[in-house]
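work-v3.cif (mmCIF, C-alpha atoms and all ligand atoms)
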```cif
data_my_file
#
loop_
_atom_site.group_PDB
_atom_site.id
_atom_site.type_symbol
_atom_site.label_atom_id
_atom_site.label_comp_id
_atom_site.auth_asym_id
_atom_site.auth_seq_id
_atom_site.Cartn_x
_atom_site.Cartn_y
_atom_site.Cartn_z
ATOM 1 C CA MET A 12 31.206 -50.587 102.543
ATOM 2 C CA LYS A 13 31.660 -49.451 98.913
ATOM 3 C CA GLU A 14 31.874 -45.700 98.288
ATOM 4 C CA THR A 15 29.474 -43.937 95.925
ATOM 5 C CA SER A 16 30.680 -43.961 92.336
ATOM 6 C CA VAL A 17 28.789 -41.930 89.770
ATOM 7 C CA ILE A 18 28.654 -42.715 86.078
ATOM 8 C CA VAL A 19 28.040 -39.268 84.617
ATOM 9 C CA VAL A 20 26.348 -38.930 81.226
ATOM 10 C CA SER A 21 26.665 -35.475 79.698
ATOM 11 C CA GLY A 22 26.272 -33.975 76.245
ATOM 12 C CA THR A 23 24.475 -31.242 74.327
ATOM 13 C CA PRO A 24 20.663 -31.640 74.275
ATOM 14 C CA GLY A 25 19.745 -34.053 71.476
ATOM 15 C CA THR A 26 22.971 -36.072 71.581
ATOM 16 C CA GLY A 27 21.023 -39.014 73.039
ATOM 17 C CA LYS A 28 21.744 -38.852 76.790
ATOM 18 C CA THR A 29 18.347 -39.982 78.038
ATOM 19 C CA ARG A 30 18.040 -43.007 75.765
ATOM 20 C CA PHE A 31 21.666 -43.994 76.351
ATOM 21 C CA ALA A 32 21.542 -43.476 80.135
ATOM 22 C CA ARG A 33 18.330 -45.478 80.597
ATOM 23 C CA LEU A 34 19.666 -48.443 78.653
ATOM 24 C CA LEU A 35 23.112 -48.350 80.266
ATOM 25 C CA ALA A 36 21.617 -48.158 83.780
ATOM 26 C CA ARG A 37 19.320 -51.076 82.956
ATOM 27 C CA LYS A 38 22.205 -53.178 81.636
ATOM 28 C CA LEU A 39 24.272 -52.423 84.737
ATOM 29 C CA GLY A 40 21.314 -52.870 87.100
ATOM 30 C CA ILE A 41 21.915 -49.503 88.778
ATOM 31 C CA ASN A 42 19.763 -46.465 89.545
ATOM 32 C CA TYR A 43 19.390 -43.713 87.000
ATOM 33 C CA VAL A 44 18.926 -40.047 87.940
ATOM 34 C CA SER A 45 17.974 -37.378 85.423
ATOM 35 C CA LEU A 46 19.235 -34.015 86.680
ATOM 36 C CA THR A 47 16.197 -32.238 85.207
ATOM 37 C CA TRP A 48 13.902 -34.558 87.181
ATOM 38 C CA PHE A 49 16.085 -34.207 90.285
ATOM 39 C CA ALA A 50 15.956 -30.387 90.050
ATOM 40 C CA MET A 51 12.157 -30.485 89.717
ATOM 41 C CA GLN A 52 11.808 -32.838 92.699
ATOM 42 C CA HIS A 53 13.853 -30.440 94.849
ATOM 43 C CA ASP A 54 12.067 -27.336 93.603
ATOM 44 C CA LEU A 55 15.238 -25.974 92.043
ATOM 45 C CA MET A 56 13.729 -24.523 88.875
ATOM 46 C CA LYS A 57 14.312 -20.818 89.556
ATOM 47 C CA CYS A 58 12.149 -19.408 86.794
ATOM 48 C CA TYR A 59 10.983 -19.961 83.241
ATOM 49 C CA ASP A 60 12.894 -18.180 80.497
ATOM 50 C CA HIS A 61 10.049 -17.452 78.034
ATOM 51 C CA LYS A 62 12.384 -16.202 75.315
ATOM 52 C CA ARG A 63 14.470 -19.385 75.331
ATOM 53 C CA ARG A 64 11.504 -21.586 76.321
ATOM 54 C CA THR A 65 13.456 -23.326 79.043
ATOM 55 C CA TYR A 66 13.672 -23.477 82.845
ATOM 56 C CA VAL A 67 16.564 -21.774 84.602
ATOM 57 C CA ILE A 68 17.996 -24.075 87.238
ATOM 58 C CA ASP A 69 19.419 -23.008 90.591
ATOM 59 C CA GLU A 70 22.828 -24.580 89.979
ATOM 60 C CA LEU A 71 24.244 -23.894 93.448
ATOM 61 C CA GLY A 72 21.183 -25.449 95.046
ATOM 62 C CA LEU A 73 21.344 -28.390 92.678
ATOM 63 C CA THR A 74 24.990 -29.102 93.504
ATOM 64 C CA ARG A 75 24.187 -28.872 97.221
ATOM 65 C CA GLU A 76 21.218 -31.276 96.983
ATOM 66 C CA LEU A 77 23.147 -33.624 94.743
ATOM 67 C CA ARG A 78 25.997 -33.789 97.247
ATOM 68 C CA ARG A 79 23.502 -34.538 100.027
ATOM 69 C CA TYR A 80 21.927 -37.306 97.974
ATOM 70 C CA LEU A 81 25.220 -38.887 96.887
ATOM 71 C CA VAL A 82 26.644 -38.929 100.411
ATOM 72 C CA THR A 83 23.813 -41.196 101.536
ATOM 73 C CA LEU A 84 24.301 -43.657 98.655
ATOM 74 C CA LYS A 85 26.718 -46.542 98.464
ATOM 75 C CA GLY A 86 27.699 -48.200 95.206
ATOM 76 C CA GLN A 87 27.113 -47.083 91.625
ATOM 77 C CA VAL A 88 24.531 -44.650 90.306
ATOM 78 C CA LEU A 89 24.115 -43.026 86.908
ATOM 79 C CA VAL A 90 23.497 -39.268 86.705
ATOM 80 C CA GLU A 91 22.422 -37.759 83.387
ATOM 81 C CA GLY A 92 22.044 -34.143 82.294
ATOM 82 C CA HIS A 93 23.667 -31.659 79.980
ATOM 83 C CA TYR A 94 25.280 -29.823 82.896
ATOM 84 C CA SER A 95 26.127 -32.997 84.832
ATOM 85 C CA GLY A 96 29.782 -32.838 83.773
ATOM 86 C CA ARG A 97 30.300 -29.658 85.742
ATOM 87 C CA LEU A 98 27.736 -30.092 88.555
ATOM 88 C CA VAL A 99 28.434 -33.596 89.879
ATOM 89 C CA PRO A 100 31.112 -33.104 92.555
ATOM 90 C CA LYS A 101 34.407 -34.609 91.358
ATOM 91 C CA ARG A 102 34.961 -36.757 94.452
ATOM 92 C CA PHE A 103 31.902 -38.894 93.580
ATOM 93 C CA THR A 104 32.662 -39.304 89.892
ATOM 94 C CA GLY A 105 33.925 -42.611 88.535
ATOM 95 C CA ILE A 106 33.655 -41.892 84.823
ATOM 96 C CA VAL A 107 32.088 -39.264 82.555
ATOM 97 C CA PHE A 108 30.603 -40.184 79.186
ATOM 98 C CA VAL A 109 30.220 -37.120 76.985
ATOM 99 C CA LEU A 110 27.901 -37.981 74.117
ATOM 100 C CA ARG A 111 28.662 -36.312 70.802
ATOM 101 C CA CYS A 112 26.679 -35.825 67.628
ATOM 102 C CA ASP A 113 27.487 -34.546 64.161
ATOM 103 C CA PRO A 114 26.073 -30.957 63.972
ATOM 104 C CA ASP A 115 23.884 -31.643 60.919
ATOM 105 C CA ILE A 116 22.334 -34.717 62.525
ATOM 106 C CA LEU A 117 21.892 -32.852 65.805
ATOM 107 C CA LYS A 118 20.091 -30.068 63.961
ATOM 108 C CA THR A 119 17.660 -32.597 62.462
ATOM 109 C CA ARG A 120 17.050 -34.259 65.850
ATOM 110 C CA LEU A 121 16.371 -30.926 67.585
ATOM 111 C CA LYS A 122 14.070 -29.673 64.817
ATOM 112 C CA ARG A 123 12.149 -32.934 65.035
ATOM 113 C CA ARG A 124 11.803 -32.236 68.763
ATOM 114 C CA GLY A 125 10.075 -28.953 67.924
ATOM 115 C CA TYR A 126 12.829 -26.610 69.139
ATOM 116 C CA SER A 127 12.778 -23.034 67.783
ATOM 117 C CA ASP A 128 15.399 -22.037 65.203
ATOM 118 C CA GLU A 129 17.165 -19.996 67.873
ATOM 119 C CA LYS A 130 17.334 -22.906 70.300
ATOM 120 C CA VAL A 131 18.513 -25.280 67.586
ATOM 121 C CA ARG A 132 21.272 -22.821 66.652
ATOM 122 C CA GLU A 133 22.356 -22.339 70.279
ATOM 123 C CA ASN A 134 22.630 -26.065 70.864
ATOM 124 C CA VAL A 135 24.397 -26.801 67.585
ATOM 125 C CA GLU A 136 26.842 -24.012 68.471
ATOM 126 C CA ALA A 137 27.449 -25.570 71.906
ATOM 127 C CA GLU A 138 28.131 -28.945 70.280
ATOM 128 C CA VAL A 139 30.491 -27.518 67.658
ATOM 129 C CA LEU A 140 32.393 -25.615 70.357
ATOM 130 C CA ASP A 141 32.761 -28.716 72.604
ATOM 131 C CA ILE A 142 31.110 -26.941 75.554
ATOM 132 C CA CYS A 143 30.027 -30.074 77.490
ATOM 133 C CA LEU A 144 33.341 -31.784 76.838
ATOM 134 C CA SER A 145 35.366 -28.759 78.009
ATOM 135 C CA GLU A 146 33.233 -28.356 81.130
ATOM 136 C CA ALA A 147 33.556 -32.039 81.998
ATOM 137 C CA ILE A 148 37.328 -31.977 81.559
ATOM 138 C CA ALA A 149 37.670 -28.737 83.547
ATOM 139 C CA THR A 150 35.605 -30.081 86.473
ATOM 140 C CA GLN A 151 36.370 -33.797 86.504
ATOM 141 C CA GLY A 152 39.861 -33.995 84.969
ATOM 142 C CA SER A 153 40.666 -35.464 81.558
ATOM 143 C CA GLU A 154 41.513 -38.928 82.913
ATOM 144 C CA LYS A 155 37.863 -39.553 83.875
ATOM 145 C CA VAL A 156 36.293 -38.339 80.634
ATOM 146 C CA THR A 157 35.500 -40.257 77.464
ATOM 147 C CA GLU A 158 33.440 -39.412 74.374
ATOM 148 C CA ILE A 159 30.904 -41.539 72.526
ATOM 149 C CA ASP A 160 29.617 -40.539 69.104
ATOM 150 C CA THR A 161 25.891 -41.237 68.741
ATOM 151 C CA SER A 162 25.555 -39.830 65.190
ATOM 152 C CA ALA A 163 25.821 -42.997 63.172
ATOM 153 C CA LYS A 164 25.160 -45.969 65.417
ATOM 154 C CA PRO A 165 22.063 -47.075 67.290
ATOM 155 C CA VAL A 166 21.813 -46.537 71.021
ATOM 156 C CA GLN A 167 22.419 -50.267 71.687
ATOM 157 C CA ASN A 168 25.853 -49.998 70.017
ATOM 158 C CA CYS A 169 26.682 -46.820 71.933
ATOM 159 C CA VAL A 170 25.848 -48.613 75.189
ATOM 160 C CA GLU A 171 27.900 -51.623 74.103
ATOM 161 C CA GLU A 172 30.870 -49.294 73.562
ATOM 162 C CA ALA A 173 30.345 -47.827 77.046
ATOM 163 C CA LEU A 174 30.236 -51.310 78.588
ATOM 164 C CA GLN A 175 33.525 -52.162 76.888
ATOM 165 C CA ILE A 176 35.121 -49.022 78.309
ATOM 166 C CA LEU A 177 33.719 -49.754 81.794
ATOM 167 C CA GLY A 178 34.980 -53.339 81.535
ATOM 168 C CA GLY A 179 38.471 -52.150 80.552
ATOM 169 C CA LYS A 180 38.226 -53.737 77.087
ATOM 170 C CA LYS A 181 38.362 -50.384 75.356
ATOM 171 C CA LEU A 182 40.344 -47.264 76.242
ATOM 172 C CA LYS A 183 38.753 -43.930 77.087
ATOM 173 C CA GLN A 184 39.199 -41.352 74.350
ATOM 174 C CA ILE A 185 38.878 -37.601 74.160
ATOM 175 C CA GLY A 186 39.468 -35.139 71.343
ATOM 176 C CA ARG A 187 38.317 -37.535 68.622
ATOM 177 C CA TYR A 188 35.498 -35.324 67.340
ATOM 178 C CA ASP A 189 36.470 -31.982 65.933
ATOM 179 C CA TRP A 190 33.350 -30.555 64.314
ATOM 180 C CA LEU A 191 35.028 -27.196 63.567
ATOM 181 C CA THR A 192 37.719 -28.855 61.442
ATOM 182 C CA GLU A 193 35.035 -31.038 59.870
ATOM 183 C CA LEU A 194 33.067 -27.875 58.863
ATOM 184 C CA GLU A 195 36.246 -26.324 57.484
ATOM 185 C CA ARG A 196 36.960 -29.482 55.466
ATOM 186 C CA LYS A 197 33.466 -29.246 53.984
ATOM 187 C CA GLY A 198 34.027 -25.513 53.205
ATOM 188 C CA ARG A 199 31.227 -24.477 55.593
ATOM 189 C CA LEU A 200 33.137 -22.930 58.485
ATOM 190 C CA ASP A 201 32.789 -19.301 57.314
ATOM 191 C CA LYS A 202 29.015 -19.677 56.853
ATOM 192 C CA PHE A 203 28.705 -21.276 60.290
ATOM 193 C CA LEU A 204 30.703 -18.500 62.001
ATOM 194 C CA THR A 205 28.738 -15.753 60.212
ATOM 195 C CA GLU A 206 25.425 -17.295 61.306
ATOM 196 C CA GLN A 207 26.647 -17.517 64.908
ATOM 197 C CA THR A 208 27.833 -13.897 64.882
ATOM 198 C CA VAL A 209 24.491 -12.650 63.535
ATOM 199 C CA ALA A 210 22.604 -14.722 66.147
ATOM 200 C CA TRP A 211 24.905 -13.537 68.922
ATOM 201 C CA ARG A 212 24.354 -9.867 67.948
ATOM 202 C CA ARG A 213 20.585 -10.463 67.918
ATOM 203 C CA ARG A 214 20.696 -12.114 71.357
ATOM 204 C CA SER A 215 22.724 -9.332 72.926
ATOM 205 C CA SER A 216 20.789 -6.404 71.406
HETATM 206 N N1 LIG B 301 22.219 -43.451 68.987
HETATM 207 C C1 LIG B 301 21.211 -42.810 68.409
HETATM 208 N N2 LIG B 301 20.993 -42.920 67.082
HETATM 209 C C2 LIG B 301 19.994 -42.274 66.478
HETATM 210 N N3 LIG B 301 19.107 -41.457 67.109
HETATM 211 C C3 LIG B 301 19.273 -41.308 68.422
HETATM 212 C C4 LIG B 301 20.313 -41.958 69.140
HETATM 213 N N4 LIG B 301 20.226 -41.602 70.441
HETATM 214 C C5 LIG B 301 19.169 -40.768 70.517
HETATM 215 N N5 LIG B 301 18.593 -40.604 69.329
HETATM 216 C C6 LIG B 301 17.429 -39.749 69.033
HETATM 217 O O1 LIG B 301 17.836 -38.417 69.279
HETATM 218 C C7 LIG B 301 16.802 -37.706 69.941
HETATM 219 C C8 LIG B 301 17.303 -37.185 71.266
HETATM 220 O O2 LIG B 301 17.543 -38.275 72.160
HETATM 221 P P1 LIG B 301 17.516 -38.040 73.733
HETATM 222 O O3 LIG B 301 17.936 -39.324 74.366
HETATM 223 O O4 LIG B 301 16.215 -37.452 74.156
HETATM 224 O O5 LIG B 301 18.675 -36.931 73.854
HETATM 225 P P2 LIG B 301 19.048 -35.949 75.078
HETATM 226 O O6 LIG B 301 18.553 -36.606 76.334
HETATM 227 O O7 LIG B 301 20.546 -35.834 75.017
HETATM 228 O O8 LIG B 301 18.400 -34.630 74.784
HETATM 229 C C9 LIG B 301 15.619 -38.670 70.079
HETATM 230 O O9 LIG B 301 14.753 -38.437 68.997
HETATM 231 C C10 LIG B 301 16.261 -40.022 69.969
HETATM 232 O O10 LIG B 301 15.379 -40.969 69.443
HETATM 233 MG MG MG B 302 17.229 -35.893 77.789
#
```

For this file, produce the structure as structure tokens.
Amino acid sequence: MKETSVIVVSGTPGTGKTRFARLLARKLGINYVSLTWFAMQHDLMKCYDHKRRTYVIDELGLTRELRRYLVTLKGQVLVEGHYSGRLVPKRFTGIVFVLRCDPDILKTRLKRRGYSDEKVRENVEAEVLDICLSEAIATQGSEKVTEIDTSAKPVQNCVEEALQILGGKKLKQIGRYDWLTELERKGRLDKFLTEQTVAWRRRSS
């Protein structure tokens, strides 16, 4: 019988994971699991962080329940969530798509979603610093990870790119998006770093 193979979809909030994952799962005819939904189903939301307006997830519990769930499955499944790159156990992972988005476009998407300035800044910072990509590489190994930029092409094209990679028609790629260098090129790196430092001081005071 075929072993479980997980297609992991990670990325900073707002990069387009949910839309991408739903369409990709539908095209492949496989099940789709949102880690936020999975955590809620297993009562793994530890508490609500009122300041950051977000739930804090019991990550150890989530990894344990995820392992239990994946062991019982056979065949492919898609798991989506911004911490999926580091929480899906490596032995189940077939491939990890880390979705990327230009910081300015991400900012617009998150503002449109009604996020507070603080939350927008935190997420843009995480994107600029490649947090999801680094976590995915550290947990899953660089050979399983590939990036897809969702900034300038519709979700259908992003999914088409993923299908080409899965079908071996396109190579996986990492390190293609360097938002820090991009900010420096536009002469905005100093401003960005100053804003982050001020926000960081405010958060830790
Ligand atoms: N490829 C894309 N091009 C343009 N906008 C997109 C794309 N993918 C997602 N979006 C938009 O970005 C926002 C966040 O998408 P969503 O799938 O909810 O992201 P996530 O699950 O990573 O938080 C939504 O408003 C969505 O319509
Ligand atoms: Mg989502």

- Would you list the contacts of segment 204-212 of chain A as a ChimeraX atom specification, taking every protein, DNA or RNA residue within 12 Å and counting only C-alpha atoms, but skipping same-chain residues closer than 6 positions in sequence? /A:128-137,139-140,191,194-195,198

Please, which residues have at least one atom within 7 Å of an atom of ligand LIG 301 (chain B), using all atoms listed in the file, listed as a short mmCIF file (atom, residue, chain, number, x, y, z; two decimals) with C-alpha atoms, keeping the file's coordinate frame?
```
data_model
loop_
_atom_site.label_atom_id
_atom_site.label_comp_id
_atom_site.auth_asym_id
_atom_site.auth_seq_id
_atom_site.Cartn_x
_atom_site.Cartn_y
_atom_site.Cartn_z
CA GLY A 22 26.27 -33.98 76.24
CA THR A 23 24.48 -31.24 74.33
CA PRO A 24 20.66 -31.64 74.28
CA GLY A 25 19.74 -34.05 71.48
CA THR A 26 22.97 -36.07 71.58
CA GLY A 27 21.02 -39.01 73.04
CA LYS A 28 21.74 -38.85 76.79
CA THR A 29 18.35 -39.98 78.04
CA ARG A 30 18.04 -43.01 75.76
CA PHE A 31 21.67 -43.99 76.35
CA ARG A 120 17.05 -34.26 65.85
CA ARG A 124 11.80 -32.24 68.76
CA THR A 161 25.89 -41.24 68.74
CA SER A 162 25.56 -39.83 65.19
CA ALA A 163 25.82 -43.00 63.17
CA LYS A 164 25.16 -45.97 65.42
CA PRO A 165 22.06 -47.08 67.29
CA VAL A 166 21.81 -46.54 71.02
CA CYS A 169 26.68 -46.82 71.93
#
```

- Task: Run through the PyMOL selection byres (((chain A and resi 42) around 12) and not hetatm) on the given coordinates and return the selected residues as an MDAnalysis selection string.
- Result: chainID A and resid 15:18 32:41 43:45 81 84:91

Take the PyMOL selection byres (((chain A and resi 53-63) around 12) and not hetatm), apply it to the structure above, and return the hits as a short mmCIF file (atom, residue, chain, number, x, y, z; two decimals) with C-alpha atoms, keeping the file's coordinate frame.
```cif
data_model
loop_
_atom_site.label_atom_id
_atom_site.label_comp_id
_atom_site.auth_asym_id
_atom_site.auth_seq_id
_atom_site.Cartn_x
_atom_site.Cartn_y
_atom_site.Cartn_z
CA LEU A 46 19.24 -34.02 86.68
CA THR A 47 16.20 -32.24 85.21
CA TRP A 48 13.90 -34.56 87.18
CA PHE A 49 16.08 -34.21 90.28
CA ALA A 50 15.96 -30.39 90.05
CA MET A 51 12.16 -30.48 89.72
CA GLN A 52 11.81 -32.84 92.70
CA ARG A 64 11.50 -21.59 76.32
CA THR A 65 13.46 -23.33 79.04
CA TYR A 66 13.67 -23.48 82.84
CA VAL A 67 16.56 -21.77 84.60
CA ILE A 68 18.00 -24.08 87.24
CA ASP A 69 19.42 -23.01 90.59
CA GLU A 70 22.83 -24.58 89.98
CA LEU A 71 24.24 -23.89 93.45
CA GLY A 72 21.18 -25.45 95.05
CA LEU A 73 21.34 -28.39 92.68
CA THR A 74 24.99 -29.10 93.50
CA ARG A 75 24.19 -28.87 97.22
CA GLU A 76 21.22 -31.28 96.98
CA LEU A 77 23.15 -33.62 94.74
CA ARG A 79 23.50 -34.54 100.03
CA TYR A 80 21.93 -37.31 97.97
CA TYR A 126 12.83 -26.61 69.14
CA SER A 127 12.78 -23.03 67.78
CA ASP A 128 15.40 -22.04 65.20
CA GLU A 129 17.16 -20.00 67.87
CA LYS A 130 17.33 -22.91 70.30
CA VAL A 131 18.51 -25.28 67.59
CA ARG A 132 21.27 -22.82 66.65
CA GLU A 133 22.36 -22.34 70.28
CA ASN A 134 22.63 -26.06 70.86
CA ARG A 214 20.70 -12.11 71.36
#
```

- Record the distance separating atom CA of Val109 of chain A and atom CA of Arg78 of chain A, expressed in Å with one decimal.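 Between atom CA of Val109 of chain A and atom CA of Arg78 of chain A the gap is 21.0 Å.
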
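You will find atom CA of Ile142 of chain A at 11.6 Å from atom CA of Leu110 of chain A.
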
- Could you check how far atom CA of Ile185 of chain A sits from atom CA of His93 of chain A, in Å to one decimal?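 Between atom CA of Ile185 of chain A and atom CA of His93 of chain A the gap works out to 17.3 Å.
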
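The result of the PyMOL selection byres (((chain A and resi 190) around 10) and not hetatm) on the shown file is Arg111, Cys112, Asp113, Pro114, Glu138, Val139, Leu140, Asp141, Arg187, Tyr188, Asp189, Leu191, Thr192, Glu193, Leu194, Glu195, Arg196 and Leu200 of chain A.
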
Once N, CA and C atoms are restored for segment 190-207 of chain A, what would the output be as a short mmCIF file (atom, residue, chain, number, x, y, z; two decimals), keeping the file's coordinate frame?
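Final file, rebuild16.cif:
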```cif
data_model
loop_
_atom_site.label_atom_id
_atom_site.label_comp_id
_atom_site.auth_asym_id
_atom_site.auth_seq_id
_atom_site.Cartn_x
_atom_site.Cartn_y
_atom_site.Cartn_z
N TRP A 190 34.36 -30.98 65.29
CA TRP A 190 33.35 -30.56 64.31
C TRP A 190 33.78 -29.29 63.58
N LEU A 191 34.58 -28.43 64.24
CA LEU A 191 35.03 -27.20 63.57
C LEU A 191 35.89 -27.54 62.35
N THR A 192 36.84 -28.45 62.55
CA THR A 192 37.72 -28.86 61.44
C THR A 192 36.91 -29.56 60.35
N GLU A 193 35.92 -30.33 60.80
CA GLU A 193 35.03 -31.04 59.87
C GLU A 193 34.29 -30.02 59.00
N LEU A 194 33.77 -28.92 59.63
CA LEU A 194 33.07 -27.88 58.86
C LEU A 194 34.02 -27.19 57.88
N GLU A 195 35.25 -26.97 58.34
CA GLU A 195 36.25 -26.32 57.48
C GLU A 195 36.54 -27.22 56.27
N ARG A 196 36.68 -28.51 56.54
CA ARG A 196 36.96 -29.48 55.47
C ARG A 196 35.84 -29.47 54.42
N LYS A 197 34.60 -29.26 54.91
CA LYS A 197 33.47 -29.25 53.98
C LYS A 197 33.25 -27.85 53.38
N GLY A 198 34.14 -26.88 53.73
CA GLY A 198 34.03 -25.51 53.20
C GLY A 198 32.85 -24.75 53.79
N ARG A 199 32.41 -25.12 55.02
CA ARG A 199 31.23 -24.48 55.59
C ARG A 199 31.52 -23.69 56.86
N LEU A 200 32.80 -23.58 57.21
CA LEU A 200 33.14 -22.93 58.48
C LEU A 200 32.77 -21.44 58.49
N ASP A 201 33.07 -20.74 57.39
CA ASP A 201 32.79 -19.30 57.31
C ASP A 201 31.29 -19.04 57.49
N LYS A 202 30.47 -19.83 56.78
CA LYS A 202 29.02 -19.68 56.85
C LYS A 202 28.55 -19.92 58.30
N PHE A 203 29.08 -20.95 58.91
CA PHE A 203 28.70 -21.28 60.29
C PHE A 203 29.04 -20.10 61.22
N LEU A 204 30.28 -19.57 61.10
CA LEU A 204 30.70 -18.50 62.00
C LEU A 204 29.88 -17.23 61.77
N THR A 205 29.56 -16.93 60.51
CA THR A 205 28.74 -15.75 60.21
C THR A 205 27.36 -15.88 60.85
N GLU A 206 26.76 -17.06 60.71
CA GLU A 206 25.42 -17.30 61.31
C GLU A 206 25.47 -17.12 62.83
N GLN A 207 26.54 -17.63 63.45
CA GLN A 207 26.65 -17.52 64.91
C GLN A 207 26.80 -16.05 65.32
#
```
